[in-house]
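Chemist: Structure file query36.txt (compact mmCIF, C-alpha atoms) right here:
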```txt
# COMPACT_ATOMS: atom_id res chain seq x y z
CA MET A 39 -25.76 22.92 12.18
CA GLN A 40 -29.01 21.49 10.84
CA GLN A 41 -27.26 20.68 7.59
CA ILE A 42 -24.40 18.90 9.30
CA ILE A 43 -26.84 16.72 11.23
CA ASN A 44 -28.82 16.03 8.07
CA PHE A 45 -25.61 15.10 6.31
CA LEU A 46 -24.63 12.73 9.11
CA ILE A 47 -28.04 11.04 9.14
CA ARG A 48 -28.14 10.76 5.37
CA TYR A 49 -24.70 9.21 5.00
CA LYS A 50 -24.54 7.34 8.30
CA ASN A 51 -24.02 3.98 6.63
CA ALA A 52 -21.23 5.22 4.38
CA LEU A 53 -19.57 6.88 7.35
CA LEU A 54 -19.92 3.73 9.44
CA PHE A 55 -18.40 1.77 6.56
CA LEU A 56 -15.43 4.16 6.32
CA PHE A 57 -14.93 4.12 10.08
CA LEU A 58 -14.92 0.32 10.35
CA LEU A 59 -12.73 0.08 7.25
CA LEU A 60 -10.24 2.42 8.85
CA ILE A 61 -10.11 0.23 11.97
CA SER A 62 -9.55 -2.95 9.97
CA LEU A 63 -6.85 -1.27 7.87
CA VAL A 64 -5.05 -0.11 11.01
CA PHE A 65 -5.12 -3.73 12.29
CA THR A 66 -3.89 -4.96 8.92
CA VAL A 67 -0.99 -2.52 8.71
CA GLN A 68 -0.02 -3.39 12.27
CA SER A 69 -0.04 -7.08 11.48
CA HIS A 70 2.35 -6.49 8.59
CA SER A 71 4.98 -4.94 10.81
CA TYR A 72 6.77 -7.25 13.19
CA HIS A 73 5.58 -7.22 16.81
CA ARG A 74 3.09 -4.42 16.39
CA SER A 75 -0.27 -6.18 16.30
CA LYS A 76 -1.56 -5.50 19.77
CA PHE A 77 -5.25 -6.27 19.86
CA ILE A 78 -6.31 -9.24 17.80
CA ASN A 79 -4.40 -12.51 18.18
CA SER A 80 -5.14 -16.14 18.94
CA ALA A 81 -3.22 -16.28 22.25
CA ASN A 82 -6.38 -15.84 24.31
CA PHE A 83 -8.56 -18.22 26.24
CA LEU A 84 -11.33 -18.36 23.61
CA SER A 85 -9.38 -19.22 20.47
CA GLY A 86 -6.78 -21.12 22.46
CA GLY A 87 -9.47 -23.26 24.04
CA VAL A 88 -11.25 -23.87 20.74
CA TYR A 89 -8.01 -24.90 19.01
CA GLU A 90 -7.03 -27.10 21.91
CA SER A 91 -10.25 -29.10 21.70
CA VAL A 92 -9.66 -29.79 17.99
CA GLY A 93 -6.00 -30.54 18.59
CA GLY A 94 -7.02 -33.25 21.05
CA VAL A 95 -8.92 -35.13 18.35
CA GLN A 96 -6.23 -34.67 15.70
CA ASP A 97 -3.60 -35.98 18.11
CA TYR A 98 -5.02 -39.49 17.95
CA PHE A 99 -4.56 -39.62 14.21
CA LYS A 100 -0.97 -38.45 14.46
CA LEU A 101 0.20 -40.64 17.35
CA LYS A 102 2.17 -42.89 15.02
CA THR A 103 4.12 -40.00 13.51
CA TYR A 104 4.83 -38.53 16.96
CA ASN A 105 6.17 -41.89 18.15
CA GLU A 106 8.47 -42.18 15.17
CA GLN A 107 9.76 -38.66 15.74
CA LEU A 108 10.47 -39.42 19.39
CA LEU A 109 12.27 -42.67 18.54
CA GLU A 110 14.37 -40.85 16.00
CA GLU A 111 15.29 -38.16 18.51
CA ASN A 112 16.09 -40.78 21.18
CA ALA A 113 18.38 -42.59 18.79
CA ARG A 114 20.19 -39.37 17.96
CA LEU A 115 20.62 -38.40 21.61
CA ARG A 116 21.83 -41.89 22.55
CA GLU A 117 24.42 -41.71 19.82
CA ARG A 118 25.58 -38.35 21.15
CA ILE A 119 25.89 -39.71 24.71
CA GLN A 120 27.97 -42.62 23.45
CA ARG A 121 30.26 -40.29 21.56
CA ALA A 122 30.64 -38.01 24.58
CA LYS A 123 31.52 -40.98 26.81
CA THR A 124 34.23 -42.23 24.50
CA THR A 125 35.86 -38.81 24.14
CA VAL A 126 36.04 -38.02 27.85
CA PRO A 127 39.75 -38.10 28.91
CA SER A 128 40.71 -40.18 31.92
CA SER A 129 42.61 -37.48 33.79
CA GLU A 130 40.59 -36.15 36.70
CA ASP A 131 41.69 -32.57 36.14
CA SER A 132 40.52 -32.32 32.58
CA LEU A 133 37.37 -34.21 33.48
CA SER A 134 36.27 -31.61 35.99
CA MET A 135 37.22 -28.90 33.50
CA LEU A 136 35.17 -30.55 30.79
CA SER A 137 32.16 -31.02 33.03
CA ASN A 138 32.37 -27.36 33.97
CA ILE A 139 32.38 -26.30 30.34
CA TYR A 140 29.52 -28.69 29.66
CA LYS A 141 27.52 -27.34 32.58
CA ASP A 142 28.00 -23.76 31.44
CA SER A 143 26.92 -24.42 27.92
CA ILE A 144 23.91 -26.40 29.11
CA SER A 145 22.67 -23.90 31.60
CA GLN A 146 22.61 -21.03 29.14
CA PHE A 147 19.71 -22.59 27.24
CA GLU A 148 16.72 -24.39 28.69
CA PHE A 149 14.09 -26.23 26.68
CA ILE A 150 10.38 -26.02 27.52
CA PRO A 151 8.19 -28.64 25.78
CA ALA A 152 4.90 -27.44 24.26
CA LYS A 153 2.17 -28.84 22.05
CA VAL A 154 1.09 -27.25 18.77
CA ILE A 155 -2.69 -26.73 18.83
CA ASN A 156 -3.02 -24.76 15.60
CA ASN A 157 -0.76 -24.48 12.60
CA SER A 158 -1.16 -22.51 9.38
CA TYR A 159 1.09 -22.73 6.35
CA ALA A 160 -0.98 -21.72 3.34
CA LYS A 161 -1.11 -17.99 4.07
CA VAL A 162 1.48 -15.30 3.42
CA ASP A 163 1.99 -14.58 7.12
CA ASN A 164 1.66 -17.80 9.07
CA PHE A 165 1.39 -18.32 12.80
CA LEU A 166 1.21 -21.32 15.10
CA THR A 167 -0.67 -21.45 18.38
CA ILE A 168 0.91 -23.57 21.10
CA LYS A 169 -0.34 -24.76 24.47
CA GLY A 170 1.98 -23.18 26.99
CA GLY A 171 2.26 -19.58 28.10
CA ARG A 172 3.41 -17.38 30.91
CA ARG A 173 2.66 -20.10 33.45
CA GLU A 174 5.21 -22.39 31.81
CA GLY A 175 7.75 -19.56 31.70
CA ILE A 176 7.36 -18.79 28.00
CA GLN A 177 8.05 -15.20 27.01
CA LYS A 178 8.05 -13.10 23.88
CA ASP A 179 11.02 -13.52 21.51
CA MET A 180 11.99 -17.01 22.61
CA GLY A 181 12.99 -19.43 19.85
CA VAL A 182 10.85 -22.45 18.93
CA ILE A 183 12.27 -25.68 17.46
CA THR A 184 11.30 -29.31 16.93
CA SER A 185 13.61 -32.25 17.47
CA LYS A 186 14.68 -31.81 13.83
CA GLY A 187 15.16 -28.07 13.48
CA ILE A 188 13.89 -24.51 13.53
CA VAL A 189 10.16 -23.57 13.65
CA GLY A 190 9.83 -19.90 14.61
CA VAL A 191 9.86 -17.27 17.35
CA ILE A 192 7.31 -16.67 20.14
CA ASP A 193 5.17 -13.65 19.31
CA LYS A 194 2.25 -13.18 21.74
CA VAL A 195 1.92 -14.82 25.15
CA SER A 196 -1.11 -15.23 27.42
CA GLY A 197 -1.44 -17.24 30.61
CA LYS A 198 -1.88 -20.65 28.97
CA TYR A 199 -1.25 -20.11 25.26
CA SER A 200 1.26 -18.45 22.95
CA THR A 201 1.43 -17.65 19.26
CA VAL A 202 4.55 -18.44 17.27
CA LEU A 203 5.74 -16.35 14.33
CA SER A 204 6.47 -19.19 11.93
CA VAL A 205 9.47 -19.41 9.60
CA LEU A 206 6.74 -19.22 6.97
CA ASN A 207 5.99 -15.57 7.69
CA THR A 208 7.23 -12.65 5.60
CA ASN A 209 8.07 -10.79 8.82
CA PHE A 210 10.32 -13.60 10.05
CA THR A 211 14.07 -13.23 9.73
CA THR A 212 17.03 -14.82 11.47
CA ASN A 213 20.76 -15.30 10.99
CA ALA A 214 21.80 -18.54 9.34
CA GLN A 215 25.11 -19.98 8.30
CA LEU A 216 26.71 -22.89 6.49
CA GLN A 217 27.40 -25.86 8.74
CA ASP A 218 31.02 -26.29 7.66
CA THR A 219 32.19 -22.67 7.50
CA ASP A 220 31.10 -19.56 9.37
CA HIS A 221 29.80 -17.64 6.36
CA TYR A 222 26.38 -16.35 7.27
CA GLY A 223 23.31 -14.67 5.77
CA GLN A 224 19.70 -13.73 6.52
CA LEU A 225 16.95 -16.33 6.35
CA GLN A 226 13.63 -15.07 4.95
CA TRP A 227 10.47 -16.39 3.32
CA ASP A 228 8.82 -15.02 0.18
CA GLY A 229 5.30 -16.22 0.99
CA ARG A 230 5.00 -18.84 -1.77
CA ASN A 231 6.17 -22.42 -1.15
CA PRO A 232 5.89 -23.80 2.42
CA ASN A 233 8.89 -26.10 1.86
CA LEU A 234 11.39 -23.52 0.61
CA ALA A 235 12.89 -20.48 2.38
CA GLN A 236 15.41 -17.96 1.07
CA LEU A 237 18.84 -17.16 2.45
CA ILE A 238 20.12 -13.76 1.30
CA ASP A 239 23.29 -11.71 1.82
CA MET A 240 25.60 -14.73 1.88
CA GLN A 241 29.13 -13.61 0.92
CA GLN A 242 30.17 -14.54 -2.59
CA GLN A 243 33.37 -16.15 -1.26
CA ALA A 244 31.40 -18.74 0.70
CA PRO A 245 31.88 -22.29 -0.62
CA VAL A 246 28.20 -23.07 -1.21
CA ALA A 247 27.16 -26.35 -2.83
CA VAL A 248 23.79 -27.96 -3.43
CA GLY A 249 22.94 -30.24 -0.51
CA ASP A 250 24.96 -28.31 2.10
CA THR A 251 23.34 -28.02 5.52
CA ILE A 252 22.23 -24.59 6.72
CA GLU A 253 21.99 -24.04 10.48
CA THR A 254 21.43 -21.20 12.94
CA SER A 255 24.51 -19.06 13.55
CA GLY A 256 24.00 -18.16 17.21
CA ARG A 257 24.54 -14.48 16.38
CA SER A 258 21.20 -13.55 17.89
CA ALA A 259 20.21 -14.36 21.46
CA ILE A 260 17.15 -16.27 20.27
CA PHE A 261 18.59 -19.51 18.86
CA PRO A 262 21.74 -21.28 20.05
CA LYS A 263 24.33 -22.06 17.40
CA GLY A 264 23.95 -25.20 15.31
CA ILE A 265 20.20 -25.80 15.12
CA PRO A 266 19.47 -27.24 11.65
CA ILE A 267 17.35 -25.15 9.27
CA GLY A 268 17.55 -27.03 5.99
CA THR A 269 19.65 -27.90 2.99
CA VAL A 270 20.73 -25.87 -0.04
CA GLN A 271 18.48 -26.67 -2.96
CA ASP A 272 19.61 -24.01 -5.39
CA PHE A 273 21.78 -20.90 -5.36
CA LYS A 274 22.66 -17.97 -7.62
CA LEU A 275 24.26 -14.51 -7.38
CA ASP A 276 21.89 -11.65 -6.63
CA GLN A 277 21.65 -8.40 -8.62
CA SER A 278 24.66 -6.81 -6.97
CA LYS A 279 26.79 -9.85 -7.96
CA ASN A 280 28.39 -9.75 -4.50
CA PHE A 281 26.04 -11.99 -2.56
CA PHE A 282 24.48 -15.39 -3.02
CA LEU A 283 20.72 -15.86 -3.07
CA ILE A 284 20.20 -19.37 -1.73
CA THR A 285 17.00 -21.41 -1.84
CA VAL A 286 16.83 -23.52 1.30
CA LYS A 287 14.75 -26.68 1.57
CA LEU A 288 13.45 -26.60 5.14
CA ILE A 289 14.33 -29.63 7.27
CA ASN A 290 10.99 -29.51 9.09
CA ASP A 291 7.80 -30.39 7.31
CA MET A 292 6.03 -27.20 8.40
CA THR A 293 2.66 -28.64 7.40
CA ASN A 294 2.94 -31.41 10.00
CA LEU A 295 4.07 -30.20 13.42
CA GLY A 296 3.03 -31.83 16.69
CA HIS A 297 5.34 -31.18 19.61
CA VAL A 298 7.88 -28.37 19.84
CA TYR A 299 10.49 -27.05 22.27
CA VAL A 300 10.64 -23.41 23.34
CA ILE A 301 14.20 -22.24 23.99
CA GLU A 302 14.76 -20.11 27.04
CA ASN A 303 18.04 -18.19 27.03
CA ASN A 304 19.09 -17.62 30.64
CA ASP A 305 21.71 -15.05 29.65
CA LEU A 306 19.25 -12.99 27.63
CA GLU A 307 19.01 -10.12 30.11
CA GLU A 308 22.76 -9.92 30.48
CA ILE A 309 23.22 -9.86 26.69
CA LYS A 310 20.51 -7.22 26.30
CA ALA A 311 21.95 -5.07 29.06
CA ILE A 312 25.46 -5.09 27.62
CA GLU A 313 24.16 -4.41 24.11
CA ALA A 314 22.07 -1.51 25.34
CA ALA A 315 25.09 -0.13 27.21
CA SER A 316 27.31 -0.20 24.13
CA ILE A 317 24.62 1.49 22.04
CA ASN A 318 24.27 4.23 24.63
CA GLU A 319 27.99 4.96 24.54
CA GLN A 320 28.00 5.63 20.84
CA MET B 296 -38.65 -12.59 14.23
CA SER B 297 -36.88 -14.23 17.17
CA ASN B 298 -36.85 -17.42 15.14
CA ASN B 299 -34.92 -15.51 12.49
CA ILE B 300 -32.37 -14.28 15.03
CA VAL B 301 -31.78 -17.78 16.37
CA LEU B 302 -31.38 -19.08 12.83
CA ASN B 303 -28.75 -16.44 12.07
CA ILE B 304 -26.82 -17.08 15.28
CA LEU B 305 -26.79 -20.81 14.50
CA ARG B 306 -25.67 -20.11 10.96
CA PHE B 307 -22.90 -17.81 12.23
CA LEU B 308 -21.58 -20.38 14.72
CA GLY B 309 -21.93 -23.25 12.25
CA LEU B 310 -20.05 -21.51 9.44
CA ILE B 311 -17.26 -20.23 11.71
CA ILE B 312 -16.75 -23.68 13.24
CA VAL B 313 -16.74 -25.39 9.85
CA GLN B 314 -14.30 -22.78 8.55
CA LEU B 315 -11.90 -23.19 11.47
CA TYR B 316 -12.08 -26.95 11.83
CA VAL B 317 -12.40 -28.08 8.24
CA PHE B 318 -11.63 -25.47 5.61
CA ASN B 319 -8.63 -23.85 7.30
CA ASN B 320 -6.96 -27.26 7.21
CA MET B 321 -7.87 -27.77 3.58
CA ASN B 322 -5.30 -27.12 0.88
CA ILE B 323 -6.72 -28.28 -2.45
CA PHE B 324 -3.94 -28.83 -5.03
CA GLY B 325 -1.62 -27.20 -2.45
CA TYR B 326 -3.08 -23.88 -3.48
CA ILE B 327 -6.77 -23.34 -2.72
CA ASN B 328 -8.02 -22.51 0.78
CA PRO B 329 -11.77 -21.98 0.47
CA LEU B 330 -13.37 -19.38 2.76
CA PRO B 331 -17.06 -20.36 2.77
CA TYR B 332 -17.72 -18.55 6.07
CA VAL B 333 -18.41 -15.48 3.90
CA LEU B 334 -21.79 -17.09 3.09
CA PHE B 335 -23.02 -15.71 6.43
CA VAL B 336 -22.46 -12.16 5.18
CA ILE B 337 -23.89 -12.97 1.74
CA VAL B 338 -27.21 -14.45 2.92
CA PHE B 339 -27.76 -12.16 5.93
CA PRO B 340 -31.44 -11.07 5.92
CA PHE B 341 -31.99 -8.45 3.24
CA SER B 342 -34.56 -6.56 5.30
CA ALA B 343 -32.17 -5.97 8.24
CA ASN B 344 -30.98 -2.56 9.39
CA ARG B 345 -28.04 -1.54 7.23
CA SER B 346 -25.85 -0.15 10.02
CA LEU B 347 -26.37 -3.33 12.04
CA TYR B 348 -25.52 -5.40 8.97
CA LEU B 349 -22.25 -3.53 8.36
CA PHE B 350 -21.27 -3.88 12.00
CA LEU B 351 -22.04 -7.62 12.13
CA ALA B 352 -20.09 -8.23 8.92
CA PHE B 353 -17.14 -6.43 10.49
CA LEU B 354 -17.40 -8.54 13.64
CA THR B 355 -17.63 -11.77 11.60
CA GLY B 356 -14.39 -10.90 9.85
CA LEU B 357 -12.73 -9.84 13.07
CA THR B 358 -13.58 -13.22 14.66
CA LEU B 359 -11.76 -14.99 11.82
CA ASP B 360 -8.85 -12.55 12.19
CA MET B 361 -8.56 -13.38 15.86
CA PHE B 362 -8.30 -17.10 15.14
CA GLY B 363 -5.97 -16.62 12.20
CA ASN B 364 -3.67 -13.90 13.60
CA SER B 365 -4.21 -11.93 10.41
CA GLY B 366 -4.75 -8.39 11.73
CA GLY B 367 -7.89 -7.04 10.04
CA ILE B 368 -7.93 -8.52 6.56
CA HIS B 369 -11.02 -10.70 7.00
CA ALA B 370 -12.83 -7.77 8.62
CA ALA B 371 -12.04 -5.41 5.74
CA ALA B 372 -13.02 -7.99 3.13
CA CYS B 373 -16.37 -8.77 4.84
CA LEU B 374 -17.04 -5.05 5.18
CA PHE B 375 -16.63 -4.62 1.43
CA VAL B 376 -19.04 -7.48 0.79
CA ALA B 377 -21.64 -5.97 3.12
CA PHE B 378 -21.27 -2.51 1.63
CA SER B 379 -21.52 -3.63 -1.98
CA ARG B 380 -24.31 -6.18 -1.53
CA PRO B 381 -27.21 -3.76 -2.34
CA VAL B 382 -25.53 -2.80 -5.62
CA VAL B 383 -24.93 -6.42 -6.56
CA THR B 384 -28.50 -7.34 -5.56
CA ARG B 385 -29.91 -4.62 -7.83
CA PHE B 386 -27.65 -5.85 -10.63
CA VAL B 387 -28.57 -9.53 -10.31
CA TYR B 388 -32.22 -9.50 -9.20
CA GLY B 389 -33.23 -6.29 -10.97
CA VAL B 390 -36.58 -4.79 -10.16
CA SER B 391 -37.70 -7.25 -7.50
CA TYR B 392 -35.15 -5.72 -5.17
CA GLU B 393 -37.26 -2.58 -4.99
CA TYR B 394 -39.97 -4.53 -3.21
CA ASN B 395 -37.49 -5.54 -0.54
CA ALA B 396 -38.59 -9.12 -0.92
CA VAL B 397 -35.45 -10.75 -2.26
CA LYS B 398 -34.78 -14.22 -0.97
CA LEU B 399 -31.90 -16.26 -2.22
CA SER B 400 -34.02 -19.37 -2.58
CA LYS B 401 -36.72 -17.57 -4.59
CA GLY B 402 -34.58 -16.58 -7.55
CA THR B 403 -33.49 -18.94 -10.28
CA PHE B 404 -30.44 -21.15 -9.81
CA TYR B 405 -28.48 -19.04 -12.28
CA GLU B 406 -29.25 -15.83 -10.33
CA ARG B 407 -28.19 -17.43 -7.09
CA VAL B 408 -24.84 -18.65 -8.45
CA LEU B 409 -24.09 -15.28 -10.08
CA PHE B 410 -24.98 -13.39 -6.89
CA ILE B 411 -22.73 -15.57 -4.72
CA LEU B 412 -19.89 -15.57 -7.24
CA ILE B 413 -19.74 -11.75 -7.60
CA LEU B 414 -19.69 -11.19 -3.83
CA VAL B 415 -17.11 -13.93 -3.28
CA VAL B 416 -14.83 -12.40 -5.93
CA ILE B 417 -15.14 -8.98 -4.23
CA HIS B 418 -14.28 -10.56 -0.88
CA HIS B 419 -11.27 -12.45 -2.21
CA LEU B 420 -9.84 -9.51 -4.17
CA VAL B 421 -9.82 -7.34 -1.04
CA PHE B 422 -8.67 -10.24 1.12
CA PHE B 423 -5.64 -11.26 -0.95
CA SER B 424 -4.64 -7.67 -1.74
CA LEU B 425 -4.42 -6.98 1.99
CA GLU B 426 -2.81 -10.32 2.79
CA VAL B 427 0.01 -10.04 0.27
CA PHE B 428 0.14 -6.25 0.77
CA ASN B 429 2.52 -5.68 -2.09
CA ILE B 430 1.48 -3.93 -5.31
CA ALA B 431 4.35 -5.58 -7.19
CA SER B 432 2.70 -9.00 -6.75
CA ILE B 433 -0.55 -7.86 -8.40
CA LEU B 434 -0.61 -10.77 -10.84
CA TYR B 435 -0.10 -13.26 -8.03
CA ILE B 436 -2.95 -11.59 -6.08
CA LEU B 437 -5.32 -11.74 -9.06
CA LYS B 438 -4.46 -15.35 -9.84
CA LYS B 439 -4.84 -16.48 -6.25
CA ALA B 440 -8.08 -14.49 -5.72
CA LEU B 441 -9.77 -15.83 -8.84
CA ILE B 442 -8.77 -19.47 -8.35
CA THR B 443 -9.75 -19.45 -4.67
CA SER B 444 -13.03 -17.69 -5.55
CA VAL B 445 -14.07 -20.67 -7.67
CA GLY B 446 -13.44 -23.01 -4.73
CA THR B 447 -15.23 -20.80 -2.20
CA ALA B 448 -18.20 -20.12 -4.49
CA LEU B 449 -18.59 -23.83 -5.12
CA PHE B 450 -18.87 -24.60 -1.40
CA CYS B 451 -21.11 -21.55 -0.80
CA VAL B 452 -23.57 -22.67 -3.51
CA LEU B 453 -23.55 -26.20 -2.11
CA PHE B 454 -24.28 -24.96 1.40
CA SER B 455 -27.00 -22.59 0.23
CA ILE B 456 -28.70 -25.41 -1.68
CA LEU B 457 -28.39 -27.82 1.23
CA PHE B 458 -29.76 -25.47 3.85
CA SER B 459 -32.38 -23.49 1.98
CA GLY B 460 -35.89 -24.57 1.21
CA ARG B 461 -36.27 -26.18 4.60
CA SER B 462 -37.92 -23.03 5.96
CA GLU B 463 -40.57 -22.97 3.23
```
Written as structure tokens, how would this file's structure read?
Modeler:
Amino acid sequence: MQQIINFLIRYKNALLFLFLLLISLVFTVQSHSYHRSKFINSANFLSGGVYESVGGVQDYFKLKTYNEQLLEENARLRERIQRAKTTVPSSEDSLSMLSNIYKDSISQFEFIPAKVINNSYAKVDNFLTIKGGRREGIQKDMGVITSKGIVGVIDKVSGKYSTVLSVLNTNFTTNAQLQDTDHYGQLQWDGRNPNLAQLIDMQQQAPVAVGDTIETSGRSAIFPKGIPIGTVQDFKLDQSKNFFLITVKLINDMTNLGHVYVIENNDLEEIKAIEAASINEQ
Amino acid sequence: MSNNIVLNILRFLGLIIVQLYVFNNMNIFGYINPLPYVLFVIVFPFSANRSLYLFLAFLTGLTLDMFGNSGGIHAAACLFVAFSRPVVTRFVYGVSYEYNAVKLSKGTFYERVLFILILVVIHHLVFFSLEVFNIASILYILKKALITSVGTALFCVLFSILFSGRSE
């Protein structure tokens, strides 16, 4: 007994070192597996508040860019309204039918605006912190986009802040497809260049060409179909010779994000319930 | 003594704030993100209780992890710096360490740079190994750690020159 106590006293610093190292390694391993990191994240009042105060100053320098982005988005939306008006048929029957379809497709997804207060892009696993949390109706696993295209998925949520798992995160993955055909693959990031992502498992038969637009496929409940991701910069066959490995140039400049939209899927619970039911039957 | 504590708290807050507001947004050549906050762990009083020192180094890293959503990689890296500092001190300052009177500003400039550089390299090797977390990318880890170390060490030496000597 005496010896054990002596041993503990003698090596107390080494033991403390090993103990603390163990804790930090547990945190690290958790952070490398998707949705496991429970304790340490920036969606809390302290880091959220600190980031918000800096974000306020930086906003003034970026006002011009934000204005241009808004103008661009307005122009695009106006164009879409014009096109919709000209294609509406005159018959009253088909009009009510069309408006019903339109209403359905609109009400499935709702968009919650939020402001980016911290953004990282130089690390291997990048996160954003946004102002907006449970109070605004934001929940885990909602999609995040800008007016141009995809940004990431909500990871942790507190009352006023949330963290976003960025596209630039090795744990991020989503379904993506070619704009013109329905061939799809998995979008990933290799942790190197913040402008380029990788699209894997795209069928060899797909008619891929440099410059083609890649968009979300709507196969998951997170993103609706047709949100732009980027353009094909380069493609080659992978080792199995059956699938394409496509380098995608991201449409968003991930190093310069100001305002984003969080996508709320109103049918999420229904989709989850029916998926869970079909898994249970197997 | 209490003066010393206040000084260290101010240094802690100052370095963390500078790290978060300035250096985390810095991307030199699109590649280097200096981490000069580690200077707090490097210049922590040499006469302090060792258990307390280890614990504070861990907390410093954990604070950065909280802001950066990085799990525990800063904490582990700082812990390694704190644990290996006595060995590095003995290596760089030699016999004067035995008198427990080492002060960064008392050694020669060469000693100070070497001391900071070794500890920064230790920090960055652990940091990038845990961040990439893939043994297959070992060359990438080494390259990134060494290049970033030069950037961090440069800022650490600048800070230590700027803010030392005032107390004497």
Chemist: Show me, as a list in words, the residues that have an atom within 9 Å of Thr358 (chain B) when counting all atoms listed in the file, minus same-chain residues fewer than 5 positions from it.
Modeler: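 After dropping sequence-adjacent residues, the list is Ile78 of chain A; Ile311, Phe353, Gly363, His369 and Ala370 of chain B.
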Chemist: Give the answer as one residue: which of B:Ile300, B:Ala440, B:Leu357, B:Ile411 has the shortest atom-to-atom distance to Ala343 (chain B), using all atoms listed in the file?
Modeler: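 Result for the nearest residue to Ala343 (chain B): B:Ile300.
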Chemist: Quick one: contact table of chain A to chain B, 10 Å max, nearest atom pair and distance in Å to one decimal per residue, counting all atoms listed in the file, chain and number order, as a Markdown table?
Modeler:
```
| residue | atom | partner | partner_atom | distance |
| --- | --- | --- | --- | --- |
| A:Lys50 | CA | B:Ser346 | CA | 7.8 |
| A:Asn51 | CA | B:Ser346 | CA | 5.6 |
| A:Ala52 | CA | B:Phe378 | CA | 8.2 |
| A:Leu53 | CA | B:Ser346 | CA | 9.8 |
| A:Leu54 | CA | B:Ser346 | CA | 7.1 |
| A:Phe55 | CA | B:Leu349 | CA | 6.8 |
| A:Leu56 | CA | B:Leu374 | CA | 9.4 |
| A:Leu58 | CA | B:Phe353 | CA | 7.1 |
| A:Leu59 | CA | B:Ala371 | CA | 5.7 |
| A:Leu60 | CA | B:Ala371 | CA | 8.6 |
| A:Ile61 | CA | B:Gly367 | CA | 7.8 |
| A:Ser62 | CA | B:Gly367 | CA | 4.4 |
| A:Leu63 | CA | B:Gly367 | CA | 6.3 |
| A:Val64 | CA | B:Gly367 | CA | 7.6 |
| A:Phe65 | CA | B:Gly366 | CA | 4.7 |
| A:Thr66 | CA | B:Gly366 | CA | 4.5 |
| A:Val67 | CA | B:Gly366 | CA | 7.6 |
| A:Gln68 | CA | B:Gly366 | CA | 6.9 |
| A:Ser69 | CA | B:Gly366 | CA | 4.9 |
| A:His70 | CA | B:Gly366 | CA | 8.0 |
| A:Arg74 | CA | B:Gly366 | CA | 9.9 |
| A:Ser75 | CA | B:Gly366 | CA | 6.8 |
| A:Lys76 | CA | B:Gly366 | CA | 9.1 |
| A:Phe77 | CA | B:Gly366 | CA | 8.4 |
| A:Ile78 | CA | B:Met361 | CA | 5.1 |
| A:Asn79 | CA | B:Asn364 | CA | 4.8 |
| A:Ser80 | CA | B:Phe362 | CA | 5.0 |
| A:Ala81 | CA | B:Phe362 | CA | 8.8 |
| A:Asn82 | CA | B:Met361 | CA | 9.1 |
| A:Leu84 | CA | B:Phe362 | CA | 9.1 |
| A:Ser85 | CA | B:Phe362 | CA | 5.8 |
| A:Gly86 | CA | B:Phe362 | CA | 8.5 |
| A:Val88 | CA | B:Phe362 | CA | 9.3 |
| A:Tyr89 | CA | B:Tyr316 | CA | 8.5 |
| A:Val92 | CA | B:Tyr316 | CA | 7.2 |
| A:Gly93 | CA | B:Tyr316 | CA | 9.8 |
| A:Asn156 | CA | B:Gly363 | CA | 9.3 |
| A:Asn157 | CA | B:Asn320 | CA | 8.7 |
| A:Ser158 | CA | B:Asn320 | CA | 7.8 |
| A:Tyr159 | CA | B:Asn320 | CA | 9.3 |
| A:Ala160 | CA | B:Asn322 | CA | 7.3 |
| A:Lys161 | CA | B:Glu426 | CA | 8.0 |
| A:Val162 | CA | B:Val427 | CA | 6.3 |
| A:Asp163 | CA | B:Ser365 | CA | 7.5 |
| A:Asn164 | CA | B:Asn364 | CA | 8.0 |
| A:Phe165 | CA | B:Asn364 | CA | 6.8 |
| A:Leu166 | CA | B:Asn364 | CA | 9.0 |
| A:Thr167 | CA | B:Phe362 | CA | 9.4 |
| A:Thr201 | CA | B:Asn364 | CA | 8.5 |
| A:Leu203 | CA | B:Asn364 | CA | 9.8 |
| A:Thr208 | CA | B:Val427 | CA | 9.3 |
| A:Gly229 | CA | B:Val427 | CA | 8.2 |
| A:Arg230 | CA | B:Tyr326 | CA | 9.7 |
| A:Asn231 | CA | B:Gly325 | CA | 9.2 |
| A:Pro232 | CA | B:Gly325 | CA | 9.6 |
| A:Thr293 | CA | B:Asn320 | CA | 9.7 |
```
Chemist: Looking at A:Gly223, A:Ile284, A:Gln277, A:Glu253, which one is nearest to Gln236 (chain A), with distances taken over only C-alpha atoms?
Modeler: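 That would be A:Ile284, the residue with the smallest distance to Gln236 (chain A).
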Chemist: Give me, please, the distance in Å between CA of Ile183 (chain A) and CA of Val300 (chain A), quoted to one decimal.
Modeler: 6.5 Å
Chemist: Given the choices B:Asn299, B:Val415, B:Tyr405, B:Tyr388, which gets closest to Cys451 (chain B) if the distance is worked out from all atoms listed in the file?
Modeler: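 Smallest distance to Cys451 (chain B) is found for B:Val415.
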Chemist: For the atom pair CA of Gly197 (chain A) and CA of Glu148 (chain A), what is the interatomic distance in Å to one decimal place?
Modeler: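 Separating CA of Gly197 (chain A) from CA of Glu148 (chain A) is a distance of 19.6 Å.
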Chemist: Show me, as a PyMOL selection string, the residues that have an atom within 9 Å of region 379-383 of chain B when counting all atoms listed in the file, minus same-chain residues fewer than 2 positions from it.
Modeler: chain B and resi 337+341+374-377+385-388+392+410+413-414+417
Chemist: Go ahead and compute the interatomic distance for CA of Leu206 (chain A) and CA of Leu225 (chain A), in Å to one decimal.
Modeler: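 Going from CA of Leu206 (chain A) over to CA of Leu225 (chain A) covers 10.6 Å.
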